[in-house]
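Containing mmCIF, C-alpha atoms: target-v2.cif.
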```
data_final
#
loop_
_atom_site.group_PDB
_atom_site.id
_atom_site.type_symbol
_atom_site.label_atom_id
_atom_site.label_comp_id
_atom_site.auth_asym_id
_atom_site.auth_seq_id
_atom_site.Cartn_x
_atom_site.Cartn_y
_atom_site.Cartn_z
ATOM 1 C CA MET A 1 0.000 0.000 0.000
ATOM 2 C CA ALA A 2 2.709 2.428 1.026
ATOM 3 C CA ASP A 3 4.513 1.590 -2.178
ATOM 4 C CA THR A 4 1.543 2.651 -4.301
ATOM 5 C CA LEU A 5 1.305 5.941 -2.423
ATOM 6 C CA ASP A 6 5.023 6.581 -2.934
ATOM 7 C CA ARG A 7 4.798 6.010 -6.667
ATOM 8 C CA VAL A 8 1.653 8.112 -6.991
ATOM 9 C CA GLN A 9 3.278 10.904 -4.981
ATOM 10 C CA ARG A 10 6.335 10.882 -7.211
ATOM 11 C CA ILE A 11 4.205 11.278 -10.343
ATOM 12 C CA ILE A 12 2.126 14.083 -8.845
ATOM 13 C CA VAL A 13 5.189 15.974 -7.642
ATOM 14 C CA ASP A 14 6.731 15.570 -11.072
ATOM 15 C CA ARG A 15 3.620 16.590 -13.051
ATOM 16 C CA LEU A 16 2.324 19.391 -10.850
ATOM 17 C CA GLY A 17 5.555 20.752 -9.428
ATOM 18 C CA VAL A 18 4.177 20.670 -5.871
ATOM 19 C CA ASP A 19 6.077 19.799 -2.701
ATOM 20 C CA ALA A 20 5.929 16.132 -1.683
ATOM 21 C CA SER A 21 4.703 17.120 1.789
ATOM 22 C CA GLU A 22 1.529 18.576 0.219
ATOM 23 C CA VAL A 23 0.644 15.309 -1.489
ATOM 24 C CA THR A 24 -1.245 13.683 1.377
ATOM 25 C CA LYS A 25 -3.957 11.073 0.899
ATOM 26 C CA GLU A 26 -6.580 13.674 1.807
ATOM 27 C CA ALA A 27 -5.354 16.305 -0.656
ATOM 28 C CA SER A 28 -7.762 17.127 -3.484
ATOM 29 C CA ILE A 29 -5.935 16.992 -6.801
ATOM 30 C CA LYS A 30 -7.687 20.043 -8.200
ATOM 31 C CA ASP A 31 -8.536 22.127 -5.132
ATOM 32 C CA ASP A 32 -5.459 21.553 -2.960
ATOM 33 C CA LEU A 33 -2.778 20.742 -5.518
ATOM 34 C CA GLY A 34 -3.972 23.203 -8.155
ATOM 35 C CA ALA A 35 -4.242 20.818 -11.101
ATOM 36 C CA ASP A 36 -6.392 21.871 -14.029
ATOM 37 C CA SER A 37 -8.202 19.373 -16.253
ATOM 38 C CA LEU A 38 -5.241 19.076 -18.641
ATOM 39 C CA ASP A 39 -2.900 18.364 -15.716
ATOM 40 C CA VAL A 40 -5.254 15.634 -14.525
ATOM 41 C CA MET A 41 -5.382 14.098 -18.019
ATOM 42 C CA ASP A 42 -1.580 14.154 -18.137
ATOM 43 C CA MET A 43 -1.330 12.578 -14.708
ATOM 44 C CA ILE A 44 -3.799 9.814 -15.566
ATOM 45 C CA LEU A 45 -1.749 8.855 -18.632
ATOM 46 C CA GLU A 46 1.385 8.809 -16.499
ATOM 47 C CA LEU A 47 -0.318 6.603 -13.895
ATOM 48 C CA GLU A 48 -1.484 4.221 -16.642
ATOM 49 C CA ASP A 49 2.131 3.775 -17.729
ATOM 50 C CA GLU A 50 3.519 3.504 -14.201
ATOM 51 C CA PHE A 51 1.030 0.851 -13.125
ATOM 52 C CA SER A 52 0.502 -0.789 -16.543
ATOM 53 C CA MET A 53 -3.254 -0.359 -16.525
ATOM 54 C CA GLU A 54 -5.975 1.481 -18.411
ATOM 55 C CA ILE A 55 -8.030 3.982 -16.461
ATOM 56 C CA SER A 56 -11.336 4.671 -18.195
ATOM 57 C CA ASP A 57 -12.680 8.206 -18.528
ATOM 58 C CA GLU A 58 -15.565 7.269 -16.233
ATOM 59 C CA GLU A 59 -13.186 6.070 -13.525
ATOM 60 C CA ALA A 60 -10.932 9.080 -13.993
ATOM 61 C CA GLU A 61 -13.843 11.419 -13.392
ATOM 62 C CA LYS A 62 -14.521 9.843 -9.995
ATOM 63 C CA ILE A 63 -11.016 10.613 -8.764
ATOM 64 C CA ASN A 64 -10.855 13.577 -6.409
ATOM 65 C CA THR A 65 -8.140 13.029 -3.816
ATOM 66 C CA VAL A 66 -4.712 11.408 -3.844
ATOM 67 C CA GLY A 67 -6.229 8.674 -1.657
ATOM 68 C CA ASP A 68 -8.846 7.958 -4.358
ATOM 69 C CA ILE A 69 -6.062 7.229 -6.822
ATOM 70 C CA VAL A 70 -4.221 4.923 -4.427
ATOM 71 C CA ALA A 71 -7.419 3.067 -3.526
ATOM 72 C CA TYR A 72 -8.374 2.663 -7.178
ATOM 73 C CA ILE A 73 -4.966 1.330 -8.166
ATOM 74 C CA ASP A 74 -4.795 -1.062 -5.213
ATOM 75 C CA SER A 75 -8.284 -2.344 -6.012
ATOM 76 C CA ARG A 76 -7.151 -3.202 -9.513
ATOM 77 C CA SER A 77 -3.867 -4.906 -8.698
ATOM 78 C CA MET B 78 13.261 13.212 -43.047
ATOM 79 C CA LEU B 79 10.349 11.072 -41.822
ATOM 80 C CA SER B 80 12.003 7.666 -41.774
ATOM 81 C CA GLY B 81 10.570 5.380 -39.119
ATOM 82 C CA LYS B 82 7.486 7.555 -38.811
ATOM 83 C CA ILE B 83 3.978 6.163 -39.209
ATOM 84 C CA ALA B 84 1.337 8.309 -40.908
ATOM 85 C CA MET B 85 -2.410 7.865 -41.209
ATOM 86 C CA VAL B 86 -4.123 9.812 -43.987
ATOM 87 C CA THR B 87 -7.915 9.952 -44.266
ATOM 88 C CA GLY B 88 -9.425 10.375 -47.705
ATOM 89 C CA GLY B 89 -6.165 8.920 -48.948
ATOM 90 C CA SER B 90 -7.406 7.168 -52.069
ATOM 91 C CA ARG B 91 -7.600 10.056 -54.525
ATOM 92 C CA GLY B 92 -6.741 13.676 -55.247
ATOM 93 C CA ILE B 93 -5.004 15.664 -52.538
ATOM 94 C CA GLY B 94 -5.062 12.685 -50.163
ATOM 95 C CA ARG B 95 -3.178 10.489 -52.614
ATOM 96 C CA ALA B 96 -0.524 13.151 -53.183
ATOM 97 C CA ILE B 97 -0.116 13.477 -49.407
ATOM 98 C CA CYS B 98 0.333 9.710 -48.995
ATOM 99 C CA VAL B 99 2.962 9.576 -51.741
ATOM 100 C CA SER B 100 4.805 12.634 -50.461
ATOM 101 C CA LEU B 101 5.012 11.313 -46.891
ATOM 102 C CA ALA B 102 6.249 7.973 -48.223
ATOM 103 C CA GLU B 103 8.921 9.731 -50.302
ATOM 104 C CA ALA B 104 10.065 11.404 -47.087
ATOM 105 C CA GLY B 105 10.439 7.972 -45.487
ATOM 106 C CA ALA B 106 7.148 7.326 -43.677
ATOM 107 C CA ASP B 107 4.950 4.237 -43.742
ATOM 108 C CA VAL B 108 1.406 5.219 -44.585
ATOM 109 C CA ALA B 109 -2.046 3.983 -43.587
ATOM 110 C CA ILE B 110 -4.446 4.985 -46.340
ATOM 111 C CA VAL B 111 -7.990 5.391 -45.049
ATOM 112 C CA TYR B 112 -10.678 5.484 -47.737
ATOM 113 C CA ALA B 113 -14.460 5.599 -47.701
ATOM 114 C CA GLY B 114 -15.594 3.783 -50.829
ATOM 115 C CA ASN B 115 -13.174 3.531 -53.742
ATOM 116 C CA ARG B 116 -11.043 0.476 -52.994
ATOM 117 C CA ASP B 117 -9.414 0.385 -56.446
ATOM 118 C CA ALA B 118 -8.236 3.979 -56.081
ATOM 119 C CA ALA B 119 -6.943 3.248 -52.567
ATOM 120 C CA GLU B 120 -4.984 0.267 -53.899
ATOM 121 C CA GLN B 121 -3.484 2.481 -56.618
ATOM 122 C CA THR B 122 -2.382 4.909 -53.929
ATOM 123 C CA ALA B 123 -0.884 1.968 -52.017
ATOM 124 C CA ASP B 124 1.122 1.020 -55.127
ATOM 125 C CA ARG B 125 2.419 4.578 -55.376
ATOM 126 C CA VAL B 126 3.370 4.549 -51.679
ATOM 127 C CA ARG B 127 5.252 1.286 -52.202
ATOM 128 C CA GLU B 128 7.086 2.717 -55.240
ATOM 129 C CA ALA B 129 8.042 5.711 -53.114
ATOM 130 C CA GLY B 130 9.641 3.390 -50.560
ATOM 131 C CA GLY B 131 6.954 3.319 -47.886
ATOM 132 C CA GLN B 132 4.936 0.442 -46.517
ATOM 133 C CA PRO B 133 1.227 1.020 -47.195
ATOM 134 C CA LEU B 134 -1.793 -0.206 -45.262
ATOM 135 C CA VAL B 135 -5.227 0.193 -46.846
ATOM 136 C CA ILE B 136 -8.200 0.587 -44.491
ATOM 137 C CA GLN B 137 -11.846 1.197 -45.333
ATOM 138 C CA ALA B 138 -13.613 3.444 -42.811
ATOM 139 C CA ASP B 139 -16.254 6.148 -42.630
ATOM 140 C CA VAL B 140 -14.600 8.950 -40.628
ATOM 141 C CA SER B 141 -17.971 10.190 -39.367
ATOM 142 C CA ASP B 142 -18.552 6.872 -37.537
ATOM 143 C CA ALA B 143 -16.759 6.677 -34.179
ATOM 144 C CA GLY B 144 -16.726 2.881 -34.120
ATOM 145 C CA GLN B 145 -15.154 2.629 -37.570
ATOM 146 C CA VAL B 146 -12.597 5.315 -36.738
ATOM 147 C CA ASP B 147 -11.539 3.557 -33.527
ATOM 148 C CA ALA B 148 -11.232 0.254 -35.387
ATOM 149 C CA ALA B 149 -9.124 1.884 -38.116
ATOM 150 C CA VAL B 150 -6.760 3.501 -35.607
ATOM 151 C CA LYS B 151 -6.424 0.206 -33.770
ATOM 152 C CA GLN B 152 -5.573 -1.577 -37.002
ATOM 153 C CA VAL B 153 -2.826 0.951 -37.776
ATOM 154 C CA GLN B 154 -1.407 0.606 -34.269
ATOM 155 C CA GLU B 155 -1.471 -3.190 -34.442
ATOM 156 C CA THR B 156 0.220 -3.202 -37.841
ATOM 157 C CA PHE B 157 2.841 -0.508 -37.334
ATOM 158 C CA GLY B 158 2.993 -0.230 -33.536
ATOM 159 C CA ARG B 159 2.257 3.494 -33.381
ATOM 160 C CA ILE B 160 0.901 6.566 -35.158
ATOM 161 C CA ASP B 161 3.095 9.667 -35.402
ATOM 162 C CA ILE B 162 1.316 11.695 -38.051
ATOM 163 C CA LEU B 163 -2.418 12.074 -38.619
ATOM 164 C CA VAL B 164 -3.614 13.902 -41.721
ATOM 165 C CA ASN B 165 -7.331 14.676 -41.603
ATOM 166 C CA ASN B 166 -8.006 15.086 -45.282
ATOM 167 C CA ALA B 167 -11.297 13.236 -45.899
ATOM 168 C CA GLY B 168 -13.912 15.584 -47.274
ATOM 169 C CA VAL B 169 -17.083 15.680 -49.314
ATOM 170 C CA ASN B 170 -19.130 18.488 -50.822
ATOM 171 C CA ARG B 171 -22.860 18.832 -51.494
ATOM 172 C CA ASP B 172 -23.060 22.344 -52.916
ATOM 173 C CA ASN B 173 -26.254 24.336 -53.165
ATOM 174 C CA LEU B 174 -27.518 27.779 -52.349
ATOM 175 C CA MET B 175 -28.532 28.121 -48.719
ATOM 176 C CA LEU B 176 -32.235 28.288 -49.570
ATOM 177 C CA ARG B 177 -32.114 25.082 -51.552
ATOM 178 C CA MET B 178 -29.736 23.189 -49.302
ATOM 179 C CA LYS B 179 -31.313 20.139 -47.746
ATOM 180 C CA GLU B 180 -30.759 19.310 -44.115
ATOM 181 C CA ALA B 181 -29.299 15.964 -45.162
ATOM 182 C CA ASP B 182 -26.705 17.761 -47.334
ATOM 183 C CA TRP B 183 -25.736 19.932 -44.392
ATOM 184 C CA ASP B 184 -25.454 16.967 -42.051
ATOM 185 C CA GLN B 185 -23.457 14.804 -44.398
ATOM 186 C CA VAL B 186 -20.858 17.477 -45.143
ATOM 187 C CA VAL B 187 -20.484 18.600 -41.524
ATOM 188 C CA ASP B 188 -20.354 14.987 -40.295
ATOM 189 C CA THR B 189 -17.541 14.012 -42.642
ATOM 190 C CA ASN B 190 -15.575 17.253 -42.875
ATOM 191 C CA LEU B 191 -15.775 18.453 -39.266
ATOM 192 C CA LYS B 192 -16.973 15.669 -36.972
ATOM 193 C CA GLY B 193 -14.632 13.307 -38.831
ATOM 194 C CA VAL B 194 -11.662 15.477 -37.840
ATOM 195 C CA PHE B 195 -12.809 15.444 -34.216
ATOM 196 C CA LEU B 196 -13.263 11.666 -34.139
ATOM 197 C CA CYS B 197 -9.954 10.832 -35.802
ATOM 198 C CA THR B 198 -8.039 13.314 -33.647
ATOM 199 C CA LYS B 199 -9.633 11.972 -30.487
ATOM 200 C CA ALA B 200 -8.831 8.406 -31.482
ATOM 201 C CA VAL B 201 -5.086 9.038 -31.889
ATOM 202 C CA THR B 202 -4.626 11.528 -29.051
ATOM 203 C CA ARG B 203 -4.144 9.128 -26.154
ATOM 204 C CA SER B 204 -1.308 7.223 -27.832
ATOM 205 C CA MET B 205 0.330 10.426 -29.124
ATOM 206 C CA MET B 206 0.216 11.896 -25.607
ATOM 207 C CA LYS B 207 1.843 8.787 -24.212
ATOM 208 C CA GLN B 208 4.610 8.751 -26.787
ATOM 209 C CA ARG B 209 5.061 12.504 -26.298
ATOM 210 C CA PHE B 210 5.127 13.094 -30.005
ATOM 211 C CA GLY B 211 2.540 13.771 -32.622
ATOM 212 C CA ARG B 212 1.834 15.770 -35.736
ATOM 213 C CA ILE B 213 -1.794 16.409 -36.630
ATOM 214 C CA ILE B 214 -2.454 18.176 -39.908
ATOM 215 C CA ASN B 215 -5.993 19.153 -40.846
ATOM 216 C CA ILE B 216 -6.974 19.984 -44.391
ATOM 217 C CA SER B 217 -9.312 22.976 -44.279
ATOM 218 C CA SER B 218 -10.006 25.255 -47.253
ATOM 219 C CA VAL B 219 -9.578 28.936 -48.120
ATOM 220 C CA VAL B 220 -13.355 29.172 -48.441
ATOM 221 C CA GLY B 221 -13.445 28.472 -44.707
ATOM 222 C CA ILE B 222 -11.694 31.830 -44.336
ATOM 223 C CA SER B 223 -13.280 33.821 -47.158
ATOM 224 C CA GLY B 224 -16.765 32.294 -47.447
ATOM 225 C CA ASN B 225 -18.197 31.105 -50.759
ATOM 226 C CA PRO B 226 -21.746 31.258 -52.123
ATOM 227 C CA GLY B 227 -23.322 27.853 -52.653
ATOM 228 C CA GLN B 228 -21.177 26.141 -50.041
ATOM 229 C CA ALA B 229 -22.697 27.035 -46.662
ATOM 230 C CA ASN B 230 -22.236 23.507 -45.336
ATOM 231 C CA TYR B 231 -18.713 23.068 -46.697
ATOM 232 C CA VAL B 232 -17.573 26.532 -45.604
ATOM 233 C CA ALA B 233 -19.011 26.135 -42.107
ATOM 234 C CA ALA B 234 -17.300 22.771 -41.695
ATOM 235 C CA LYS B 235 -13.944 24.026 -43.029
ATOM 236 C CA ALA B 236 -14.079 27.135 -40.810
ATOM 237 C CA GLY B 237 -14.894 24.806 -37.931
ATOM 238 C CA VAL B 238 -11.778 22.796 -38.704
ATOM 239 C CA ILE B 239 -9.660 25.926 -38.231
ATOM 240 C CA GLY B 240 -11.187 26.566 -34.795
ATOM 241 C CA LEU B 241 -10.782 22.918 -33.863
ATOM 242 C CA THR B 242 -7.141 23.085 -34.961
ATOM 243 C CA LYS B 243 -6.430 26.058 -32.684
ATOM 244 C CA THR B 244 -8.100 24.463 -29.675
ATOM 245 C CA THR B 245 -6.550 21.039 -30.128
ATOM 246 C CA ALA B 246 -3.155 22.696 -30.551
ATOM 247 C CA LYS B 247 -3.506 24.400 -27.173
ATOM 248 C CA GLU B 248 -4.730 21.261 -25.428
ATOM 249 C CA LEU B 249 -1.981 18.996 -26.726
ATOM 250 C CA ALA B 250 1.037 21.296 -26.862
ATOM 251 C CA SER B 251 2.368 20.237 -23.452
ATOM 252 C CA ARG B 252 2.816 16.724 -24.823
ATOM 253 C CA ASN B 253 4.795 17.771 -27.884
ATOM 254 C CA ILE B 254 1.915 17.290 -30.280
ATOM 255 C CA THR B 255 1.529 20.012 -32.896
ATOM 256 C CA VAL B 256 -1.748 20.616 -34.696
ATOM 257 C CA ASN B 257 -1.889 22.754 -37.818
ATOM 258 C CA ALA B 258 -4.274 23.333 -40.684
ATOM 259 C CA ILE B 259 -3.733 23.827 -44.376
ATOM 260 C CA ALA B 260 -6.221 25.849 -46.384
ATOM 261 C CA PRO B 261 -5.949 24.880 -50.043
ATOM 262 C CA GLY B 262 -7.400 27.150 -52.714
ATOM 263 C CA PHE B 263 -8.519 25.795 -56.072
ATOM 264 C CA ILE B 264 -6.653 22.536 -56.606
ATOM 265 C CA GLU B 265 -6.881 20.291 -59.685
ATOM 266 C CA THR B 266 -8.822 17.271 -58.401
ATOM 267 C CA ASP B 267 -11.941 15.291 -59.257
ATOM 268 C CA MET B 268 -13.824 17.775 -57.070
ATOM 269 C CA THR B 269 -12.840 20.807 -59.164
ATOM 270 C CA SER B 270 -12.785 19.050 -62.559
ATOM 271 C CA GLN B 271 -16.578 18.712 -62.330
ATOM 272 C CA LEU B 272 -16.743 22.468 -62.718
ATOM 273 C CA GLY B 273 -17.066 23.812 -66.256
ATOM 274 C CA GLU B 274 -14.245 25.568 -68.102
ATOM 275 C CA GLU B 275 -15.996 28.868 -67.687
ATOM 276 C CA VAL B 276 -16.071 28.510 -63.894
ATOM 277 C CA GLN B 277 -12.447 27.401 -63.899
ATOM 278 C CA GLY B 278 -11.527 30.457 -65.964
ATOM 279 C CA GLU B 279 -13.255 32.706 -63.441
ATOM 280 C CA MET B 280 -11.353 30.959 -60.662
ATOM 281 C CA LYS B 281 -8.000 31.583 -62.310
ATOM 282 C CA LYS B 282 -8.753 35.298 -62.512
ATOM 283 C CA GLN B 283 -8.906 35.370 -58.723
ATOM 284 C CA ILE B 284 -5.529 33.674 -58.318
ATOM 285 C CA PRO B 285 -2.439 35.926 -58.400
ATOM 286 C CA LEU B 286 -0.246 32.986 -59.458
ATOM 287 C CA ALA B 287 -2.720 32.484 -62.346
ATOM 288 C CA ARG B 288 -3.050 28.720 -62.231
ATOM 289 C CA LEU B 289 -4.927 26.104 -60.278
ATOM 290 C CA GLY B 290 -2.886 24.388 -57.610
ATOM 291 C CA LYS B 291 -1.731 20.793 -57.876
ATOM 292 C CA PRO B 292 -2.341 18.173 -55.188
ATOM 293 C CA GLU B 293 1.449 18.083 -54.776
ATOM 294 C CA ASP B 294 1.419 21.768 -53.764
ATOM 295 C CA VAL B 295 -0.750 20.835 -50.783
ATOM 296 C CA ALA B 296 1.237 17.674 -50.068
ATOM 297 C CA GLY B 297 4.434 19.730 -49.803
ATOM 298 C CA ALA B 298 2.895 21.828 -47.033
ATOM 299 C CA VAL B 299 1.734 18.683 -45.212
ATOM 300 C CA ARG B 300 5.226 17.254 -45.412
ATOM 301 C CA PHE B 301 6.617 20.460 -43.933
ATOM 302 C CA PHE B 302 4.214 20.403 -40.976
ATOM 303 C CA ALA B 303 5.013 16.714 -40.413
ATOM 304 C CA SER B 304 8.758 17.363 -40.378
ATOM 305 C CA ASP B 305 11.160 18.491 -37.656
ATOM 306 C CA HIS B 306 11.395 21.849 -39.443
ATOM 307 C CA ALA B 307 7.908 22.685 -38.159
ATOM 308 C CA GLY B 308 8.461 21.563 -34.562
ATOM 309 C CA TYR B 309 7.854 25.063 -33.145
ATOM 310 C CA ILE B 310 4.699 25.764 -35.174
ATOM 311 C CA THR B 311 1.287 24.853 -33.804
ATOM 312 C CA GLY B 312 -2.295 26.092 -34.070
ATOM 313 C CA GLN B 313 -1.626 27.758 -37.419
ATOM 314 C CA THR B 314 -3.425 27.742 -40.738
ATOM 315 C CA LEU B 315 -1.315 27.917 -43.895
ATOM 316 C CA ASN B 316 -3.029 28.982 -47.111
ATOM 317 C CA VAL B 317 -1.862 27.065 -50.170
ATOM 318 C CA ASP B 318 -3.856 28.997 -52.718
ATOM 319 C CA GLY B 319 -1.611 30.843 -55.164
ATOM 320 C CA GLY B 320 -2.090 34.058 -53.215
ATOM 321 C CA MET B 321 -5.866 34.141 -53.547
ATOM 322 C CA VAL B 322 -6.735 34.920 -49.933
ATOM 323 C CA THR B 323 -4.318 37.095 -48.019
ATOM 324 C CA SER B 324 -5.574 37.243 -44.480
#
```
Would you put the structure from the file into structure tokens?
Amino acid sequence: MADTLDRVQRIIVDRLGVDASEVTKEASIKDDLGADSLDVMDMILELEDEFSMEISDEEAEKINTVGDIVAYIDSRS
Amino acid sequence: MLSGKIAMVTGGSRGIGRAICVSLAEAGADVAIVYAGNRDAAEQTADRVREAGGQPLVIQADVSDAGQVDAAVKQVQETFGRIDILVNNAGVNRDNLMLRMKEADWDQVVDTNLKGVFLCTKAVTRSMMKQRFGRIINISSVVGISGNPGQANYVAAKAGVIGLTKTTAKELASRNITVNAIAPGFIETDMTSQLGEEVQGEMKKQIPLARLGKPEDVAGAVRFFASDHAGYITGQTLNVDGGMVTS
């Protein structure tokens, strides 16, 4: 579990240029980390590569917080 | 210049589309030729691509049908492994004065010429974003800039393509995908040869370079946008029209 969070954090820090300490499980990708819709799209593609999975548009729309991403990925693997 | 690159050209069987396929192959690309109905013409284009040193792939698809577009893109990716260059060239015309234009004529032209560009672009975007490289080249028309009586549907669709080009360019720039449009003027193709000599003569009077364009004139511009030379150009529309429209 911790491993997933680490990898997700690394991608978010890289894509959004935020500080790792801000990327908590509770942080909202858009509201707290300042991502716009293009950033989110970018991040989703990056996550698909990192975890070798396809994330559908419907699933992507449900993602709000960093924790949502981790939970979704763990539920799939 | 384009060796190792994979191109997909819609409306690739005849006219401008065929010249684009051949030109990209001459530059080193392998080319997927998407055609709507004329298989024989598409196969002739494939022969020309082969002669030019490229590997062709012939695919039948209606660009206004999302399912067929997705299947075509998948076939290209399965055959060649990737798509680097998309040329949205497929187009039809159903000319008539506004008052006499049937709703079906409007729908058919807008579906193929504008919605088709949207569907094909959408279908290749995900893989281009992932590979962090892409060149999308949309064939518009100068009438989309200037307007033209008798072509409300065609003009609206071609003007729409220019707006779509600008927006897609802005959305995809961060992933190193450029999106540009080419606006051909009067080009010698089956579409313009239907016009009488008198009409063609009137056309030439409007063209400073005093001749109709050749499909190869348009293909040269496509090749430029597909090349590394155009890596810093995106969201633009280039008129290839002999100087007819200067805005």
Pick out the residues sitting within 7 Å of region 66-72 of chain A, and hand them over as a VMD selection string; count all atoms listed in the file, and ignore anything fewer than 3 positions along from it in its own chain. chain A and resid 4 to 5 24 to 29 63 75 to 76
With only C-alpha atoms as the counted atoms, please give the residues lying no more than 12 Å from region 39-45 of chain A, apart from itself and same-chain residues fewer than 3 positions off, as a PDB file with C-alpha atoms, keeping the file's coordinate frame.
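Below is the file result.pdb, written as the result:
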```
ATOM      1  CA  VAL A   8       1.653   8.112  -6.991  1.00  0.00           C
ATOM      2  CA  GLN A   9       3.278  10.904  -4.981  1.00  0.00           C
ATOM      3  CA  ARG A  10       6.335  10.882  -7.211  1.00  0.00           C
ATOM      4  CA  ILE A  11       4.205  11.278 -10.343  1.00  0.00           C
ATOM      5  CA  ILE A  12       2.126  14.083  -8.845  1.00  0.00           C
ATOM      6  CA  VAL A  13       5.189  15.974  -7.642  1.00  0.00           C
ATOM      7  CA  ASP A  14       6.731  15.570 -11.072  1.00  0.00           C
ATOM      8  CA  ARG A  15       3.620  16.590 -13.051  1.00  0.00           C
ATOM      9  CA  LEU A  16       2.324  19.391 -10.850  1.00  0.00           C
ATOM     10  CA  GLY A  17       5.555  20.752  -9.428  1.00  0.00           C
ATOM     11  CA  SER A  28      -7.762  17.127  -3.484  1.00  0.00           C
ATOM     12  CA  ILE A  29      -5.935  16.992  -6.801  1.00  0.00           C
ATOM     13  CA  LYS A  30      -7.687  20.043  -8.200  1.00  0.00           C
ATOM     14  CA  ASP A  31      -8.536  22.127  -5.132  1.00  0.00           C
ATOM     15  CA  LEU A  33      -2.778  20.742  -5.518  1.00  0.00           C
ATOM     16  CA  GLY A  34      -3.972  23.203  -8.155  1.00  0.00           C
ATOM     17  CA  ALA A  35      -4.242  20.818 -11.101  1.00  0.00           C
ATOM     18  CA  ASP A  36      -6.392  21.871 -14.029  1.00  0.00           C
ATOM     19  CA  GLU A  48      -1.484   4.221 -16.642  1.00  0.00           C
ATOM     20  CA  ASP A  49       2.131   3.775 -17.729  1.00  0.00           C
ATOM     21  CA  GLU A  50       3.519   3.504 -14.201  1.00  0.00           C
ATOM     22  CA  PHE A  51       1.030   0.851 -13.125  1.00  0.00           C
ATOM     23  CA  SER A  52       0.502  -0.789 -16.543  1.00  0.00           C
ATOM     24  CA  MET A  53      -3.254  -0.359 -16.525  1.00  0.00           C
ATOM     25  CA  GLU A  54      -5.975   1.481 -18.411  1.00  0.00           C
ATOM     26  CA  ILE A  55      -8.030   3.982 -16.461  1.00  0.00           C
ATOM     27  CA  SER A  56     -11.336   4.671 -18.195  1.00  0.00           C
ATOM     28  CA  ASP A  57     -12.680   8.206 -18.528  1.00  0.00           C
ATOM     29  CA  GLU A  59     -13.186   6.070 -13.525  1.00  0.00           C
ATOM     30  CA  ALA A  60     -10.932   9.080 -13.993  1.00  0.00           C
ATOM     31  CA  GLU A  61     -13.843  11.419 -13.392  1.00  0.00           C
ATOM     32  CA  LYS A  62     -14.521   9.843  -9.995  1.00  0.00           C
ATOM     33  CA  ILE A  63     -11.016  10.613  -8.764  1.00  0.00           C
ATOM     34  CA  ASN A  64     -10.855  13.577  -6.409  1.00  0.00           C
ATOM     35  CA  THR A  65      -8.140  13.029  -3.816  1.00  0.00           C
ATOM     36  CA  VAL A  66      -4.712  11.408  -3.844  1.00  0.00           C
ATOM     37  CA  ILE A  69      -6.062   7.229  -6.822  1.00  0.00           C
ATOM     38  CA  TYR A  72      -8.374   2.663  -7.178  1.00  0.00           C
ATOM     39  CA  ILE A  73      -4.966   1.330  -8.166  1.00  0.00           C
TER      40      ILE A  73
ATOM     41  CA  THR B 202      -4.626  11.528 -29.051  1.00  0.00           C
ATOM     42  CA  ARG B 203      -4.144   9.128 -26.154  1.00  0.00           C
ATOM     43  CA  SER B 204      -1.308   7.223 -27.832  1.00  0.00           C
ATOM     44  CA  MET B 205       0.330  10.426 -29.124  1.00  0.00           C
ATOM     45  CA  MET B 206       0.216  11.896 -25.607  1.00  0.00           C
ATOM     46  CA  LYS B 207       1.843   8.787 -24.212  1.00  0.00           C
ATOM     47  CA  GLN B 208       4.610   8.751 -26.787  1.00  0.00           C
ATOM     48  CA  ARG B 209       5.061  12.504 -26.298  1.00  0.00           C
ATOM     49  CA  GLU B 248      -4.730  21.261 -25.428  1.00  0.00           C
ATOM     50  CA  LEU B 249      -1.981  18.996 -26.726  1.00  0.00           C
ATOM     51  CA  ALA B 250       1.037  21.296 -26.862  1.00  0.00           C
ATOM     52  CA  SER B 251       2.368  20.237 -23.452  1.00  0.00           C
ATOM     53  CA  ARG B 252       2.816  16.724 -24.823  1.00  0.00           C
TER      54      ARG B 252
END
```
Evaluate the PyMOL selection byres ((chain B and resi 290) around 9) against this structure - the residues, as a PyMOL selection string, please. chain B and resi 261-265+288-289+291-295+317-319
Hey, what's within 8 Å of Thr242 (chain B) if we count all atoms listed in the file and toss same-chain stuff fewer than 2 positions away? As a PDB file with C-alpha atoms, in the coordinates of the input, please?
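Heads up, here's the output in result-v9.pdb:
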```pdb
ATOM      1  CA  ASN B 215      -5.993  19.153 -40.846  1.00  0.00           C
ATOM      2  CA  VAL B 238     -11.778  22.796 -38.704  1.00  0.00           C
ATOM      3  CA  ILE B 239      -9.660  25.926 -38.231  1.00  0.00           C
ATOM      4  CA  GLY B 240     -11.187  26.566 -34.795  1.00  0.00           C
ATOM      5  CA  THR B 244      -8.100  24.463 -29.675  1.00  0.00           C
ATOM      6  CA  THR B 245      -6.550  21.039 -30.128  1.00  0.00           C
ATOM      7  CA  ALA B 246      -3.155  22.696 -30.551  1.00  0.00           C
ATOM      8  CA  VAL B 256      -1.748  20.616 -34.696  1.00  0.00           C
ATOM      9  CA  ASN B 257      -1.889  22.754 -37.818  1.00  0.00           C
ATOM     10  CA  ALA B 258      -4.274  23.333 -40.684  1.00  0.00           C
ATOM     11  CA  GLY B 312      -2.295  26.092 -34.070  1.00  0.00           C
ATOM     12  CA  GLN B 313      -1.626  27.758 -37.419  1.00  0.00           C
TER      13      GLN B 313
END
```
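Across the model, the gap from CA of Ala143 (chain B) to CA of Phe301 (chain B) is 28.8 Å.
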Starting from the shown file, work through the PyMOL selection byres ((chain B and resi 140) around 12) and note down what comes out as a ChimeraX atom specification. /B:86-89,111-114,136-139,141-150,165-169,185-200
